[in-house]
file input_16.tsv (TSV, C-alpha atoms)
chain	number	residue	atom	x	y	z
A	14	MET	CA	-66.56	2.70	47.40
A	15	GLY	CA	-64.72	2.99	44.11
A	16	ALA	CA	-63.15	6.34	45.05
A	17	LEU	CA	-61.33	4.99	48.10
A	18	PRO	CA	-57.56	5.36	48.23
A	19	VAL	CA	-55.90	1.95	47.89
A	20	TYR	CA	-52.57	1.17	49.55
A	21	ARG	CA	-50.33	-1.86	49.28
A	22	TRP	CA	-50.01	-4.13	52.31
A	23	ARG	CA	-47.94	-2.54	55.12
A	24	LEU	CA	-47.66	0.76	53.24
A	25	ALA	CA	-50.61	2.67	54.69
A	26	PRO	CA	-49.82	6.20	55.90
A	27	ASP	CA	-49.96	7.13	59.57
A	28	GLY	CA	-53.36	8.11	60.89
A	29	TYR	CA	-55.21	5.08	59.50
A	30	ALA	CA	-55.98	1.81	61.28
A	31	THR	CA	-58.03	-1.36	60.82
A	32	ARG	CA	-60.81	-2.30	63.24
A	33	ARG	CA	-58.49	-4.60	65.15
A	34	GLN	CA	-55.82	-1.93	65.41
A	35	LEU	CA	-58.42	0.57	66.64
A	36	ARG	CA	-59.61	-1.92	69.24
A	37	ALA	CA	-56.04	-2.44	70.47
A	38	LEU	CA	-55.86	1.33	70.97
A	39	GLY	CA	-59.15	1.30	72.91
A	40	LEU	CA	-61.06	2.90	70.03
A	41	ARG	CA	-63.92	2.03	67.66
A	42	PRO	CA	-64.84	3.41	64.21
A	43	GLY	CA	-67.78	5.28	65.74
A	44	GLY	CA	-70.00	5.39	62.66
A	45	GLN	CA	-67.42	6.82	60.27
A	46	ASP	CA	-67.23	5.49	56.73
A	47	VAL	CA	-64.28	3.48	55.47
A	48	ALA	CA	-61.51	5.96	54.66
A	49	ALA	CA	-59.14	3.74	52.64
A	50	GLN	CA	-58.29	0.13	51.95
A	51	LEU	CA	-55.23	-2.09	51.97
A	52	GLU	CA	-54.67	-4.77	49.37
A	53	ARG	CA	-52.40	-7.74	49.85
A	54	PRO	CA	-51.78	-9.56	46.58
A	55	ARG	CA	-52.13	-13.34	46.39
A	56	ARG	CA	-50.93	-15.66	43.68
A	57	ARG	CA	-53.97	-17.65	42.65
A	58	ARG	CA	-56.89	-15.63	44.03
A	59	GLY	CA	-57.97	-12.05	44.34
A	60	PRO	CA	-56.19	-9.78	46.78
A	61	LEU	CA	-56.92	-9.74	50.51
A	62	ILE	CA	-58.58	-6.47	51.41
A	63	ALA	CA	-58.51	-4.68	54.77
A	64	TYR	CA	-60.55	-1.54	55.37
A	65	LEU	CA	-58.95	1.41	57.11
A	66	TYR	CA	-60.53	4.03	59.35
A	67	ARG	CA	-59.16	7.40	60.42
A	68	ILE	CA	-57.79	7.37	63.95
A	69	ASP	CA	-58.60	11.04	64.59
A	70	ARG	CA	-62.31	10.39	63.93
A	71	ALA	CA	-62.48	7.21	66.03
A	72	LYS	CA	-64.35	7.21	69.33
A	73	PRO	CA	-63.46	5.47	72.58
A	74	VAL	CA	-64.82	1.98	73.17
A	75	ARG	CA	-68.01	1.97	75.21
A	76	PRO	CA	-67.51	0.64	78.74
A	77	MET	CA	-68.90	-2.79	79.60
A	78	THR	CA	-72.13	-2.45	81.58
A	79	PRO	CA	-73.14	-4.99	84.26
A	80	ALA	CA	-76.00	-6.25	82.07
A	81	ARG	CA	-73.73	-6.77	79.05
A	82	MET	CA	-71.17	-8.53	81.27
A	83	ALA	CA	-73.88	-10.87	82.62
A	84	ALA	CA	-75.11	-11.62	79.09
A	85	LEU	CA	-71.57	-12.37	77.91
A	86	GLU	CA	-70.95	-14.68	80.88
A	87	ALA	CA	-74.23	-16.53	80.21
A	88	ALA	CA	-73.34	-16.99	76.53
A	89	MET	CA	-69.88	-18.33	77.36
A	90	ARG	CA	-71.33	-20.66	80.00
A	91	ALA	CA	-73.71	-22.04	77.36
A	92	ARG	CA	-70.79	-22.66	74.98
A	93	ARG	CA	-68.92	-24.58	77.70
A	94	THR	CA	-71.85	-26.76	78.83
A	95	CYS	CA	-72.01	-30.21	77.26
A	96	PRO	CA	-75.54	-31.08	76.03
A	97	GLU	CA	-74.99	-34.79	76.79
A	98	CYS	CA	-73.64	-34.81	80.37
A	99	ARG	CA	-74.78	-31.26	81.32
A	100	THR	CA	-71.43	-30.38	82.93
A	101	ASP	CA	-69.17	-27.39	82.44
A	102	ALA	CA	-66.33	-28.72	80.28
A	103	GLY	CA	-64.00	-25.84	81.15
A	104	TYR	CA	-63.52	-25.03	77.46
A	105	CYS	CA	-65.77	-24.13	74.54
A	106	ILE	CA	-67.39	-27.28	73.15
A	107	PRO	CA	-66.15	-27.93	69.58
A	108	ARG	CA	-68.98	-27.47	67.09
A	109	SER	CA	-67.64	-30.38	65.07
A	110	LEU	CA	-68.27	-32.74	68.01
A	111	GLY	CA	-71.36	-31.11	69.48
A	112	MET	CA	-70.39	-32.44	72.93
A	113	CYS	CA	-67.40	-32.54	75.25
A	114	VAL	CA	-64.43	-34.73	74.32
A	115	PRO	CA	-65.09	-37.44	76.98
A	116	CYS	CA	-68.70	-37.80	75.81
A	117	SER	CA	-67.64	-37.97	72.16
A	118	ASN	CA	-65.14	-40.73	73.04
A	119	LEU	CA	-67.90	-42.68	74.80
A	120	PHE	CA	-70.19	-42.45	71.79
A	121	SER	CA	-67.47	-43.26	69.26
A	122	SER	CA	-66.43	-46.44	71.14
A	123	ARG	CA	-69.94	-47.91	70.93
A	124	PRO	CA	-70.74	-49.98	67.83
A	125	SER	CA	-73.07	-48.28	65.43
A	126	ARG	CA	-76.59	-49.67	65.32
A	127	GLY	CA	-76.77	-50.24	61.59
A	128	ASN	CA	-73.57	-52.33	61.27
A	129	GLU	CA	-74.10	-54.86	64.07
A	130	THR	CA	-73.55	-58.48	63.10
A	131	GLU	CA	-74.96	-61.46	64.93
call {"tool": "encode", "arguments": {"input": "input_16.tsv", "output": "structure tokens"}}
result
Amino acid sequence: MGALPVYRWRLAPDGYATRRQLRALGLRPGGQDVAAQLERPRRRRGPLIAYLYRIDRAKPVRPMTPARMAALEAAMRARRTCPECRTDAGYCIPRSLGMCVPCSNLFSSRPSRGNETE
């Protein structure tokens, strides 16, 4: 990928787009190779790099099938279900807590077993 054209941030020519920009247009890269890259300089680290794809070679996004929709709904339901109380929290359970907020508050208010004094 050393022969790719490199453009400065916000200075890419028309006809190129990132994956997110393609998705907003209802397109996908469709197997094409990266056509160019953007570089955004940073002060203390290496530059941020974004890969660009040609819009004219992009393909339309595949439609969602009923089976894929069911699988996506099942995955999201699993992310919303608290492993402690087994209820749908209505939001994705934070990975840092590992349970819904009410359950984490219940467990944090209990004294820890190793520090009990008599």
call {"tool": "atom_distance", "arguments": {"input": "input_16.tsv", "atom1": "CA of Arg57 in chain A", "atom2": "CA of Ala16 in chain A"}}
result
25.8 Å
call {"tool": "closest_residue", "arguments": {"input": "input_16.tsv", "among": "A:Arg70, A:Arg81, A:Arg90, A:Arg58", "to": "Gly44 in chain A", "atoms": "only C-alpha atoms"}}
result
A:Arg70
call {"tool": "atom_distance", "arguments": {"input": "input_16.tsv", "atom1": "CA of Ala25 in chain A", "atom2": "CA of Val47 in chain A"}}
result
13.7 Å
call {"tool": "closest_residue", "arguments": {"input": "input_16.tsv", "among": "A:Arg53, A:Arg92, A:Arg36, A:Arg41", "to": "Ile106 in chain A", "atoms": "only C-alpha atoms"}}
result
A:Arg92
call {"tool": "residues_around", "arguments": {"input": "input_16.tsv", "residues": "Ser117 in chain A", "least_positions_apart": "4", "cutoff": "12 Å", "atoms": "all atoms listed in the file", "output": "PDB file with C-alpha atoms, in the coordinates of the input"}}
result
ATOM      1  CA  CYS A  95     -72.010 -30.210  77.260  1.00  0.00           C
ATOM      2  CA  PRO A  96     -75.540 -31.080  76.030  1.00  0.00           C
ATOM      3  CA  GLU A  97     -74.990 -34.790  76.790  1.00  0.00           C
ATOM      4  CA  CYS A  98     -73.640 -34.810  80.370  1.00  0.00           C
ATOM      5  CA  ILE A 106     -67.390 -27.280  73.150  1.00  0.00           C
ATOM      6  CA  PRO A 107     -66.150 -27.930  69.580  1.00  0.00           C
ATOM      7  CA  ARG A 108     -68.980 -27.470  67.090  1.00  0.00           C
ATOM      8  CA  SER A 109     -67.640 -30.380  65.070  1.00  0.00           C
ATOM      9  CA  LEU A 110     -68.270 -32.740  68.010  1.00  0.00           C
ATOM     10  CA  GLY A 111     -71.360 -31.110  69.480  1.00  0.00           C
ATOM     11  CA  MET A 112     -70.390 -32.440  72.930  1.00  0.00           C
ATOM     12  CA  CYS A 113     -67.400 -32.540  75.250  1.00  0.00           C
ATOM     13  CA  SER A 121     -67.470 -43.260  69.260  1.00  0.00           C
ATOM     14  CA  SER A 122     -66.430 -46.440  71.140  1.00  0.00           C
ATOM     15  CA  ARG A 123     -69.940 -47.910  70.930  1.00  0.00           C
TER      16      ARG A 123
END
call {"tool": "residues_around", "arguments": {"input": "input_16.tsv", "residues": "Val19 in chain A", "least_positions_apart": "3", "cutoff": "8 Å", "atoms": "only C-alpha atoms", "output": "list in words"}}
result
Ala49, Gln50, Leu51 and Glu52 of chain A
call {"tool": "atom_distance", "arguments": {"input": "input_16.tsv", "atom1": "CA of Leu35 in chain A", "atom2": "CA of Arg56 in chain A"}}
result
29.1 Å
call {"tool": "closest_residue", "arguments": {"input": "input_16.tsv", "among": "A:Ala91, A:Leu40, A:Ala102, A:Pro54", "to": "Lys72 in chain A", "atoms": "all atoms listed in the file"}}
result
A:Leu40
call {"tool": "closest_residue", "arguments": {"input": "input_16.tsv", "among": "A:Gly28, A:Pro115, A:Gly39, A:Pro18", "to": "Pro76 in chain A", "atoms": "all atoms listed in the file"}}
result
A:Gly39
call {"tool": "closest_residue", "arguments": {"input": "input_16.tsv", "among": "A:Leu119, A:Ala84, A:Leu17, A:Ala48", "to": "Ala71 in chain A", "atoms": "all atoms listed in the file"}}
result
A:Ala48
call {"tool": "closest_residue", "arguments": {"input": "input_16.tsv", "among": "A:Thr100, A:Glu86, A:Leu65, A:Phe120", "to": "Arg33 in chain A", "atoms": "only C-alpha atoms"}}
result
A:Leu65
call {"tool": "build_atoms", "arguments": {"input": "input_16.tsv", "residues": "range 104-121 of chain A", "atoms": "N, CA, C and O atoms", "output": "mmCIF file, in the coordinates of the input"}}
result
data_model
loop_
_atom_site.group_PDB
_atom_site.id
_atom_site.type_symbol
_atom_site.label_atom_id
_atom_site.label_comp_id
_atom_site.auth_asym_id
_atom_site.auth_seq_id
_atom_site.Cartn_x
_atom_site.Cartn_y
_atom_site.Cartn_z
ATOM 1 N N TYR A 104 -63.969 -25.555 78.748
ATOM 2 C CA TYR A 104 -63.520 -25.030 77.460
ATOM 3 C C TYR A 104 -64.742 -24.954 76.553
ATOM 4 O O TYR A 104 -65.774 -25.565 76.839
ATOM 5 N N CYS A 105 -64.648 -24.212 75.478
ATOM 6 C CA CYS A 105 -65.770 -24.130 74.540
ATOM 7 C C CYS A 105 -65.905 -25.462 73.809
ATOM 8 O O CYS A 105 -64.923 -25.992 73.287
ATOM 9 N N ILE A 106 -67.114 -26.002 73.793
ATOM 10 C CA ILE A 106 -67.390 -27.280 73.150
ATOM 11 C C ILE A 106 -67.157 -27.141 71.646
ATOM 12 O O ILE A 106 -67.699 -26.229 71.013
ATOM 13 N N PRO A 107 -66.360 -28.017 71.025
ATOM 14 C CA PRO A 107 -66.150 -27.930 69.580
ATOM 15 C C PRO A 107 -67.458 -28.166 68.822
ATOM 16 O O PRO A 107 -68.191 -29.115 69.115
ATOM 17 N N ARG A 108 -67.748 -27.313 67.869
ATOM 18 C CA ARG A 108 -68.980 -27.470 67.090
ATOM 19 C C ARG A 108 -68.939 -28.729 66.245
ATOM 20 O O ARG A 108 -69.979 -29.313 65.937
ATOM 21 N N SER A 109 -67.745 -29.165 65.882
ATOM 22 C CA SER A 109 -67.640 -30.380 65.070
ATOM 23 C C SER A 109 -68.069 -31.613 65.861
ATOM 24 O O SER A 109 -68.574 -32.570 65.279
ATOM 25 N N LEU A 110 -67.863 -31.604 67.183
ATOM 26 C CA LEU A 110 -68.270 -32.740 68.010
ATOM 27 C C LEU A 110 -69.685 -32.571 68.541
ATOM 28 O O LEU A 110 -70.428 -33.541 68.666
ATOM 29 N N GLY A 111 -70.045 -31.358 68.925
ATOM 30 C CA GLY A 111 -71.360 -31.110 69.480
ATOM 31 C C GLY A 111 -71.486 -31.532 70.929
ATOM 32 O O GLY A 111 -72.570 -31.466 71.499
ATOM 33 N N MET A 112 -70.414 -32.007 71.536
ATOM 34 C CA MET A 112 -70.390 -32.440 72.930
ATOM 35 C C MET A 112 -68.956 -32.390 73.413
ATOM 36 O O MET A 112 -68.033 -32.188 72.625
ATOM 37 N N CYS A 113 -68.764 -32.593 74.722
ATOM 38 C CA CYS A 113 -67.400 -32.540 75.250
ATOM 39 C C CYS A 113 -66.610 -33.756 74.748
ATOM 40 O O CYS A 113 -67.181 -34.750 74.296
ATOM 41 N N VAL A 114 -65.298 -33.671 74.848
ATOM 42 C CA VAL A 114 -64.430 -34.730 74.320
ATOM 43 C C VAL A 114 -64.677 -36.072 75.015
ATOM 44 O O VAL A 114 -64.792 -37.098 74.336
ATOM 45 N N PRO A 115 -64.804 -36.135 76.359
ATOM 46 C CA PRO A 115 -65.090 -37.440 76.980
ATOM 47 C C PRO A 115 -66.398 -38.066 76.478
ATOM 48 O O PRO A 115 -66.458 -39.271 76.239
ATOM 49 N N CYS A 116 -67.438 -37.252 76.317
ATOM 50 C CA CYS A 116 -68.700 -37.800 75.810
ATOM 51 C C CYS A 116 -68.553 -38.270 74.363
ATOM 52 O O CYS A 116 -69.122 -39.302 73.987
ATOM 53 N N SER A 117 -67.799 -37.550 73.553
ATOM 54 C CA SER A 117 -67.640 -37.970 72.160
ATOM 55 C C SER A 117 -66.844 -39.266 72.087
ATOM 56 O O SER A 117 -67.100 -40.100 71.216
ATOM 57 N N ASN A 118 -65.881 -39.469 73.008
ATOM 58 C CA ASN A 118 -65.140 -40.730 73.040
ATOM 59 C C ASN A 118 -66.030 -41.881 73.458
ATOM 60 O O ASN A 118 -65.896 -42.994 72.948
ATOM 61 N N LEU A 119 -66.962 -41.627 74.386
ATOM 62 C CA LEU A 119 -67.900 -42.680 74.800
ATOM 63 C C LEU A 119 -68.777 -43.108 73.638
ATOM 64 O O LEU A 119 -69.007 -44.286 73.417
ATOM 65 N N PHE A 120 -69.288 -42.127 72.894
ATOM 66 C CA PHE A 120 -70.190 -42.450 71.790
ATOM 67 C C PHE A 120 -69.444 -43.060 70.611
ATOM 68 O O PHE A 120 -69.997 -43.873 69.878
ATOM 69 N N SER A 121 -68.196 -42.702 70.400
ATOM 70 C CA SER A 121 -67.470 -43.260 69.260
ATOM 71 C C SER A 121 -66.998 -44.686 69.538
ATOM 72 O O SER A 121 -66.753 -45.442 68.610
#
